[in-house]
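One file, entry_17.csv, is given below (CSV, N, CA and C atoms).
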chain,number,residue,atom,x,y,z
A,772,MET,N,14.8,-2.8,7.6
A,772,MET,CA,13.6,-3.6,7.5
A,772,MET,C,13.8,-5.0,7.8
A,773,LYS,N,12.9,-5.6,8.5
A,773,LYS,CA,13.0,-7.0,9.0
A,773,LYS,C,12.7,-7.9,7.8
A,774,LYS,N,13.6,-8.9,7.6
A,774,LYS,CA,13.4,-9.9,6.6
A,774,LYS,C,12.5,-10.9,7.0
A,775,SER,N,11.6,-11.3,6.1
A,775,SER,CA,10.6,-12.4,6.5
A,775,SER,C,11.4,-13.7,6.5
A,776,SER,N,10.8,-14.6,7.3
A,776,SER,CA,11.5,-15.9,7.5
A,776,SER,C,11.2,-16.8,6.2
A,777,SER,N,12.1,-17.8,6.1
A,777,SER,CA,11.9,-18.7,4.9
A,777,SER,C,10.7,-19.5,5.0
A,778,LYS,N,10.3,-19.8,6.3
A,778,LYS,CA,9.0,-20.6,6.4
A,778,LYS,C,7.8,-19.8,6.0
A,779,SER,N,7.7,-18.5,6.4
A,779,SER,CA,6.6,-17.8,5.9
A,779,SER,C,6.6,-17.6,4.4
A,780,PHE,N,7.8,-17.4,3.9
A,780,PHE,CA,7.9,-17.3,2.4
A,780,PHE,C,7.4,-18.6,1.7
A,781,GLY,N,7.8,-19.7,2.3
A,781,GLY,CA,7.4,-21.0,1.7
A,781,GLY,C,5.9,-21.2,1.8
A,782,TYR,N,5.3,-20.9,3.0
A,782,TYR,CA,3.9,-21.0,3.1
A,782,TYR,C,3.1,-20.1,2.2
A,783,LEU,N,3.7,-18.9,2.0
A,783,LEU,CA,3.0,-17.9,1.1
A,783,LEU,C,3.0,-18.5,-0.3
A,784,PHE,N,4.1,-19.0,-0.8
A,784,PHE,CA,4.1,-19.5,-2.2
A,784,PHE,C,3.4,-20.8,-2.3
A,785,PHE,N,3.3,-21.6,-1.2
A,785,PHE,CA,2.5,-22.8,-1.3
A,785,PHE,C,1.0,-22.4,-1.5
A,786,GLY,N,0.6,-21.4,-0.7
A,786,GLY,CA,-0.8,-21.0,-0.8
A,786,GLY,C,-1.1,-20.3,-2.2
A,787,LEU,N,-0.1,-19.5,-2.7
A,787,LEU,CA,-0.3,-18.9,-4.0
A,787,LEU,C,-0.4,-19.9,-5.1
A,788,PHE,N,0.5,-20.9,-5.1
A,788,PHE,CA,0.4,-21.9,-6.2
A,788,PHE,C,-0.8,-22.8,-6.0
A,789,LEU,N,-1.2,-23.1,-4.8
A,789,LEU,CA,-2.4,-23.9,-4.6
A,789,LEU,C,-3.7,-23.1,-5.1
A,790,ILE,N,-3.7,-21.8,-4.9
A,790,ILE,CA,-4.9,-21.1,-5.4
A,790,ILE,C,-4.8,-21.1,-6.9
A,791,LEU,N,-3.6,-20.9,-7.5
A,791,LEU,CA,-3.5,-20.9,-9.0
A,791,LEU,C,-3.9,-22.2,-9.6
A,792,SER,N,-3.6,-23.3,-8.9
A,792,SER,CA,-3.9,-24.6,-9.4
A,792,SER,C,-5.4,-24.9,-9.3
A,793,LEU,N,-6.1,-24.3,-8.3
A,793,LEU,CA,-7.5,-24.6,-8.2
A,793,LEU,C,-8.4,-23.5,-8.9
A,794,TRP,N,-7.8,-22.5,-9.4
A,794,TRP,CA,-8.5,-21.4,-10.0
A,794,TRP,C,-9.3,-21.8,-11.2
A,795,PRO,N,-8.8,-22.7,-12.1
A,795,PRO,CA,-9.6,-23.1,-13.3
A,795,PRO,C,-10.8,-23.9,-12.9
A,796,VAL,N,-10.9,-24.4,-11.7
A,796,VAL,CA,-12.1,-25.2,-11.3
A,796,VAL,C,-13.3,-24.2,-11.3
A,797,LEU,N,-13.1,-22.9,-11.0
A,797,LEU,CA,-14.2,-22.0,-11.0
A,797,LEU,C,-14.9,-21.8,-12.4
A,798,ASN,N,-14.1,-22.0,-13.4
A,798,ASN,CA,-14.6,-21.9,-14.8
A,798,ASN,C,-14.9,-23.3,-15.4
A,799,ASP,N,-15.2,-24.3,-14.5
A,799,ASP,CA,-15.5,-25.7,-14.9
A,799,ASP,C,-14.4,-26.3,-15.8
A,800,ASN,N,-13.2,-26.0,-15.5
A,800,ASN,CA,-12.1,-26.7,-16.1
A,800,ASN,C,-11.4,-27.6,-15.1
A,801,SER,N,-10.4,-28.3,-15.5
A,801,SER,CA,-9.7,-29.2,-14.6
A,801,SER,C,-8.6,-28.5,-13.8
A,802,ILE,N,-8.2,-29.1,-12.7
A,802,ILE,CA,-7.1,-28.6,-11.9
A,802,ILE,C,-5.8,-28.5,-12.7
A,803,ASN,N,-5.1,-27.4,-12.5
A,803,ASN,CA,-3.8,-27.2,-13.1
A,803,ASN,C,-2.8,-28.0,-12.3
A,804,PHE,N,-2.3,-29.2,-12.8
A,804,PHE,CA,-1.5,-30.0,-12.0
A,804,PHE,C,0.0,-29.5,-11.9
A,805,LEU,N,0.4,-28.7,-12.9
A,805,LEU,CA,1.7,-28.1,-12.8
A,805,LEU,C,1.8,-27.2,-11.6
A,806,PHE,N,0.9,-26.3,-11.4
A,806,PHE,CA,0.9,-25.4,-10.2
A,806,PHE,C,0.6,-26.2,-8.9
A,807,LEU,N,-0.2,-27.3,-9.0
A,807,LEU,CA,-0.4,-28.1,-7.8
A,807,LEU,C,0.9,-28.8,-7.4
A,808,SER,N,1.7,-29.2,-8.4
A,808,SER,CA,3.0,-29.9,-8.0
A,808,SER,C,4.0,-28.9,-7.5
A,809,ILE,N,4.0,-27.7,-8.0
A,809,ILE,CA,4.9,-26.6,-7.5
A,809,ILE,C,4.5,-26.3,-6.1
A,810,SER,N,3.2,-26.2,-5.9
A,810,SER,CA,2.7,-25.9,-4.5
A,810,SER,C,3.1,-27.0,-3.5
A,811,ALA,N,3.0,-28.3,-4.0
A,811,ALA,CA,3.5,-29.4,-3.1
A,811,ALA,C,5.0,-29.3,-2.8
A,812,VAL,N,5.7,-28.9,-3.8
A,812,VAL,CA,7.2,-28.8,-3.6
A,812,VAL,C,7.5,-27.7,-2.6
A,813,PHE,N,6.8,-26.6,-2.7
A,813,PHE,CA,7.0,-25.5,-1.7
A,813,PHE,C,6.6,-26.0,-0.3
A,814,LEU,N,5.5,-26.7,-0.2
A,814,LEU,CA,5.0,-27.2,1.1
A,814,LEU,C,6.1,-28.2,1.7
A,815,ILE,N,6.5,-29.1,0.9
A,815,ILE,CA,7.5,-30.1,1.4
A,815,ILE,C,8.8,-29.4,1.8
A,816,LEU,N,9.3,-28.4,1.0
A,816,LEU,CA,10.5,-27.7,1.3
A,816,LEU,C,10.4,-26.9,2.6
A,817,THR,N,9.2,-26.3,2.7
A,817,THR,CA,8.9,-25.4,3.9
A,817,THR,C,8.9,-26.2,5.2
A,818,ILE,N,8.3,-27.4,5.1
A,818,ILE,CA,8.2,-28.2,6.3
A,818,ILE,C,9.5,-28.9,6.7
A,819,PHE,N,10.3,-29.4,5.7
A,819,PHE,CA,11.4,-30.2,6.0
A,819,PHE,C,12.8,-29.4,5.9
A,820,LYS,N,12.9,-28.6,4.9
A,820,LYS,CA,14.2,-27.9,4.6
A,820,LYS,C,14.0,-26.4,4.3
A,821,ALA,N,13.5,-25.6,5.2
A,821,ALA,CA,13.1,-24.2,4.9
A,821,ALA,C,14.4,-23.4,4.6
A,822,LYS,N,15.5,-23.9,5.0
A,822,LYS,CA,16.8,-23.1,4.7
A,822,LYS,C,17.1,-23.0,3.2
A,823,ILE,N,16.6,-24.0,2.4
A,823,ILE,CA,16.8,-24.0,1.0
A,823,ILE,C,16.1,-22.8,0.4
A,824,LEU,N,15.0,-22.3,1.0
A,824,LEU,CA,14.2,-21.2,0.4
A,824,LEU,C,14.8,-19.9,0.7
A,825,ASP,N,15.9,-19.8,1.5
A,825,ASP,CA,16.6,-18.5,1.8
A,825,ASP,C,17.0,-17.8,0.5
A,826,PHE,N,17.5,-18.5,-0.5
A,826,PHE,CA,17.9,-17.9,-1.7
A,826,PHE,C,16.8,-17.2,-2.4
A,827,LEU,N,15.7,-17.9,-2.6
A,827,LEU,CA,14.5,-17.3,-3.3
A,827,LEU,C,13.9,-16.2,-2.4
A,828,ASN,N,13.9,-16.4,-1.1
A,828,ASN,CA,13.3,-15.3,-0.2
A,828,ASN,C,14.1,-14.0,-0.4
A,829,ASN,N,15.4,-14.1,-0.5
A,829,ASN,CA,16.2,-12.9,-0.6
A,829,ASN,C,15.9,-12.2,-1.9
A,830,TYR,N,15.8,-12.9,-3.0
A,830,TYR,CA,15.5,-12.3,-4.3
A,830,TYR,C,14.0,-11.8,-4.3
A,831,TRP,N,13.1,-12.4,-3.6
A,831,TRP,CA,11.7,-11.9,-3.5
A,831,TRP,C,11.7,-10.6,-2.8
A,832,ILE,N,12.5,-10.4,-1.7
A,832,ILE,CA,12.6,-9.2,-1.0
A,832,ILE,C,13.2,-8.1,-1.8
A,833,LYS,N,14.3,-8.4,-2.6
A,833,LYS,CA,14.9,-7.4,-3.4
A,833,LYS,C,14.0,-7.0,-4.5
A,834,LEU,N,13.2,-7.9,-5.1
A,834,LEU,CA,12.2,-7.5,-6.1
A,834,LEU,C,11.1,-6.5,-5.5
A,835,GLY,N,10.7,-6.8,-4.3
A,835,GLY,CA,9.7,-5.9,-3.6
A,835,GLY,C,10.3,-4.6,-3.4
A,836,GLU,N,11.5,-4.5,-3.0
A,836,GLU,CA,12.2,-3.2,-2.7
A,836,GLU,C,12.3,-2.4,-4.1
A,837,LEU,N,12.7,-3.1,-5.1
A,837,LEU,CA,12.8,-2.5,-6.4
A,837,LEU,C,11.4,-1.9,-6.9
A,838,LEU,N,10.4,-2.8,-6.8
A,838,LEU,CA,9.1,-2.3,-7.1
A,838,LEU,C,8.6,-1.1,-6.3
A,839,GLY,N,9.0,-1.1,-5.0
A,839,GLY,CA,8.6,0.0,-4.2
A,839,GLY,C,9.3,1.3,-4.6
A,840,ARG,N,10.5,1.2,-5.1
A,840,ARG,CA,11.2,2.4,-5.6
A,840,ARG,C,10.7,2.9,-6.9
A,841,VAL,N,10.1,2.0,-7.7
A,841,VAL,CA,9.6,2.4,-9.0
A,841,VAL,C,8.1,2.8,-8.9
A,842,VAL,N,7.3,2.0,-8.2
A,842,VAL,CA,5.9,2.3,-8.2
A,842,VAL,C,5.5,3.5,-7.3
A,843,ALA,N,6.1,3.7,-6.2
A,843,ALA,CA,5.7,4.7,-5.3
A,843,ALA,C,5.8,6.1,-5.9
A,844,PRO,N,6.9,6.5,-6.6
A,844,PRO,CA,6.9,7.8,-7.3
A,844,PRO,C,5.8,7.9,-8.3
A,845,ILE,N,5.5,6.8,-9.1
A,845,ILE,CA,4.5,6.9,-10.1
A,845,ILE,C,3.2,7.2,-9.5
A,846,ILE,N,2.8,6.5,-8.4
A,846,ILE,CA,1.6,6.7,-7.7
A,846,ILE,C,1.5,8.1,-7.2
A,847,MET,N,2.5,8.6,-6.6
A,847,MET,CA,2.5,9.9,-6.0
A,847,MET,C,2.3,11.0,-7.2
A,848,PHE,N,3.0,10.8,-8.3
A,848,PHE,CA,2.8,11.6,-9.4
A,848,PHE,C,1.4,11.6,-9.9
A,849,ALA,N,0.8,10.5,-10.0
A,849,ALA,CA,-0.6,10.3,-10.5
A,849,ALA,C,-1.6,11.0,-9.5
A,850,VAL,N,-1.4,10.8,-8.2
A,850,VAL,CA,-2.2,11.4,-7.2
A,850,VAL,C,-2.1,12.9,-7.3
A,851,PHE,N,-0.9,13.4,-7.4
A,851,PHE,CA,-0.8,14.9,-7.4
A,851,PHE,C,-1.4,15.5,-8.7
A,852,PHE,N,-1.2,14.9,-9.8
A,852,PHE,CA,-1.7,15.5,-11.1
A,852,PHE,C,-3.2,15.1,-11.4
A,853,VAL,N,-3.7,14.1,-10.7
A,853,VAL,CA,-5.1,13.7,-11.0
A,853,VAL,C,-6.0,14.3,-9.9
A,854,ILE,N,-5.5,14.5,-8.7
A,854,ILE,CA,-6.4,15.0,-7.6
A,854,ILE,C,-6.0,16.4,-7.2
A,855,VAL,N,-4.7,16.7,-6.8
A,855,VAL,CA,-4.3,18.0,-6.2
A,855,VAL,C,-4.4,19.1,-7.3
A,856,THR,N,-3.8,18.9,-8.5
A,856,THR,CA,-3.8,19.9,-9.5
A,856,THR,C,-5.2,20.4,-9.9
A,857,PRO,N,-6.1,19.4,-10.3
A,857,PRO,CA,-7.5,19.9,-10.6
A,857,PRO,C,-8.2,20.7,-9.5
A,858,LEU,N,-8.0,20.2,-8.3
A,858,LEU,CA,-8.6,20.9,-7.1
A,858,LEU,C,-8.0,22.3,-7.0
A,859,SER,N,-6.7,22.5,-7.2
A,859,SER,CA,-6.1,23.8,-7.1
A,859,SER,C,-6.6,24.7,-8.2
A,860,LEU,N,-6.7,24.2,-9.4
A,860,LEU,CA,-7.2,25.0,-10.5
A,860,LEU,C,-8.7,25.4,-10.3
A,861,LEU,N,-9.5,24.5,-9.8
A,861,LEU,CA,-10.9,24.8,-9.5
A,861,LEU,C,-11.0,25.9,-8.4
A,862,THR,N,-10.2,25.8,-7.4
A,862,THR,CA,-10.3,26.9,-6.3
A,862,THR,C,-9.8,28.2,-6.9
A,863,LYS,N,-8.8,28.2,-7.8
A,863,LYS,CA,-8.4,29.4,-8.4
A,863,LYS,C,-9.4,30.0,-9.3
A,864,LEU,N,-10.1,29.1,-10.1
A,864,LEU,CA,-11.2,29.6,-11.0
A,864,LEU,C,-12.4,30.2,-10.2
A,865,LEU,N,-12.7,29.6,-9.1
A,865,LEU,CA,-13.8,30.0,-8.2
A,865,LEU,C,-13.4,31.1,-7.3
A,866,LYS,N,-12.1,31.5,-7.3
A,866,LYS,CA,-11.5,32.6,-6.5
A,866,LYS,C,-11.8,32.4,-5.0
A,867,LYS,N,-11.6,31.1,-4.6
A,867,LYS,CA,-11.7,30.8,-3.2
A,867,LYS,C,-10.4,30.9,-2.4
A,868,ASP,N,-10.5,31.4,-1.2
A,868,ASP,CA,-9.3,31.6,-0.4
A,868,ASP,C,-9.5,30.6,0.8
A,869,LEU,N,-9.3,29.4,0.7
A,869,LEU,CA,-9.6,28.4,1.7
A,869,LEU,C,-8.7,28.5,3.0
A,870,LEU,N,-7.5,29.1,2.8
A,870,LEU,CA,-6.6,29.2,4.0
A,870,LEU,C,-6.7,30.7,4.5
A,871,ASN,N,-7.5,31.5,3.9
A,871,ASN,CA,-7.7,32.9,4.4
A,871,ASN,C,-6.3,33.6,4.4
A,872,MET,N,-5.6,33.6,3.2
A,872,MET,CA,-4.3,34.2,3.1
A,872,MET,C,-4.2,35.5,2.3
A,873,ARG,N,-5.4,36.0,1.9
A,873,ARG,CA,-5.3,37.2,1.1
A,873,ARG,C,-5.0,38.4,2.0
A,874,PHE,N,-4.3,39.3,1.4
A,874,PHE,CA,-4.0,40.6,2.1
A,874,PHE,C,-5.2,41.5,2.1
A,875,ASN,N,-5.4,42.1,3.3
A,875,ASN,CA,-6.5,43.1,3.4
A,875,ASN,C,-6.0,44.3,4.2
A,876,ASP,N,-6.9,45.3,4.3
A,876,ASP,CA,-6.5,46.5,5.0
A,876,ASP,C,-6.8,46.5,6.5
A,877,SER,N,-7.1,45.4,7.1
A,877,SER,CA,-7.3,45.4,8.5
A,877,SER,C,-6.1,45.5,9.3
A,878,LYS,N,-6.2,45.9,10.6
A,878,LYS,CA,-5.0,46.1,11.5
A,878,LYS,C,-4.3,44.8,11.8
A,879,THR,N,-5.1,43.7,11.9
A,879,THR,CA,-4.5,42.5,12.4
A,879,THR,C,-5.1,41.3,11.5
A,880,TYR,N,-4.3,40.3,11.4
A,880,TYR,CA,-4.8,39.1,10.7
A,880,TYR,C,-5.3,38.0,11.7
A,881,TRP,N,-5.4,38.4,13.0
A,881,TRP,CA,-5.8,37.5,14.0
A,881,TRP,C,-7.2,37.0,13.8
A,882,ALA,N,-7.5,35.7,13.8
A,882,ALA,CA,-8.8,35.2,13.6
A,882,ALA,C,-9.5,34.9,14.9
A,883,ASN,N,-10.6,35.5,15.2
A,883,ASN,CA,-11.4,35.2,16.4
A,883,ASN,C,-12.0,33.8,16.3
A,884,LYS,N,-12.1,33.2,17.5
A,884,LYS,CA,-12.7,31.9,17.5
A,884,LYS,C,-14.2,32.0,17.5
A,885,VAL,N,-14.9,31.1,16.7
A,885,VAL,CA,-16.3,31.2,16.6
A,885,VAL,C,-16.9,30.3,17.7
A,886,LYS,N,-16.3,29.2,18.0
A,886,LYS,CA,-16.9,28.3,19.0
A,886,LYS,C,-16.1,28.4,20.3
A,887,LYS,N,-16.8,28.5,21.4
A,887,LYS,CA,-16.1,28.5,22.7
A,887,LYS,C,-15.7,27.1,23.2
A,888,ILE,N,-14.5,27.0,23.6
A,888,ILE,CA,-14.0,25.7,24.1
A,888,ILE,C,-14.6,25.4,25.5
A,889,ASP,N,-15.1,24.2,25.7
A,889,ASP,CA,-15.7,23.9,27.0
A,889,ASP,C,-14.6,23.4,27.9
A,890,SER,N,-14.9,23.0,29.1
A,890,SER,CA,-14.0,22.5,30.1
A,890,SER,C,-13.4,21.2,29.6
A,891,MET,N,-12.2,20.9,30.0
A,891,MET,CA,-11.5,19.6,29.5
A,891,MET,C,-11.6,18.5,30.6
A,892,ASP,N,-12.6,18.7,31.5
A,892,ASP,CA,-12.7,17.7,32.6
A,892,ASP,C,-13.2,16.4,32.0
A,893,LYS,N,-14.2,16.4,31.2
A,893,LYS,CA,-14.8,15.1,30.6
A,893,LYS,C,-14.5,15.0,29.1
A,894,GLN,N,-13.3,14.5,28.9
A,894,GLN,CA,-12.9,14.5,27.5
A,894,GLN,C,-13.5,13.3,26.7
A,895,PHE,N,-13.8,12.2,27.4
A,895,PHE,CA,-14.3,11.1,26.7
A,895,PHE,C,-15.7,10.7,27.2

Can you dump the structure from the file as structure tokens?
Amino acid sequence: MKKSSSKSFGYLFFGLFLILSLWPVLNDNSINFLFLSISAVFLILTIFKAKILDFLNNYWIKLGELLGRVVAPIIMFAVFFVIVTPLSLLTKLLKKDLLNMRFNDSKTYWANKVKKIDSMDKQF
């Protein structure tokens, strides 16, 4: 996986802390000067000494990889048991054979096409 540059990391956190500093203004409060100063520090470091941000950038990437390892299985578990399992139970209750896999007494399981395929000359 390609590592992001320290400059893009610095600009990202500059923007993040700038938004956090201006967020209270939406609720008629004053600007959060702590976040504004952190934002200014990130901007200055990004412009003049981006190499200093390599340390933080590496830990930020490791945190993202860790979160990906933890969150992805949880989401897949939730999708399976919230969407796939109830649909499966519903089709079993309604006795639907969506894939046409039931055994029957016919000689062949070959399915005839219902729609005739036209010429492939004008595909688009």

Practice problem: Between atom CA of Thr817 of chain A and atom CA of Ser777 of chain A, measure the distance and give it in Å to one decimal. | Solution: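 Those two atoms sit 7.4 Å apart.
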
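Separating atom CA of Phe784 of chain A from atom N of Ser810 of chain A is a distance of 7.7 Å.
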
Practice problem: Please report, as an MDAnalysis selection string, each residue of segment 781-865 of chain A to which DSSP assigns alpha helix (DSSP H) when run on this structure's backbone. | Solution: chainID A and resid 781:793 804:819 825:850 856:864

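Rounded to one decimal, atom CA of Ser808 of chain A and atom C of Leu793 of chain A lie 13.1 Å from each other.
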
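Nearest residue to Val812 of chain A, choosing from A:Phe788, A:Phe852, A:Trp794, A:Phe895 and counting only C-alpha atoms: A:Phe788.
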
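Shortest atom-to-atom contact with Gly781 of chain A among A:Leu797, A:Val855, A:Ile888, A:Leu824: A:Leu824, counting only C-alpha atoms.
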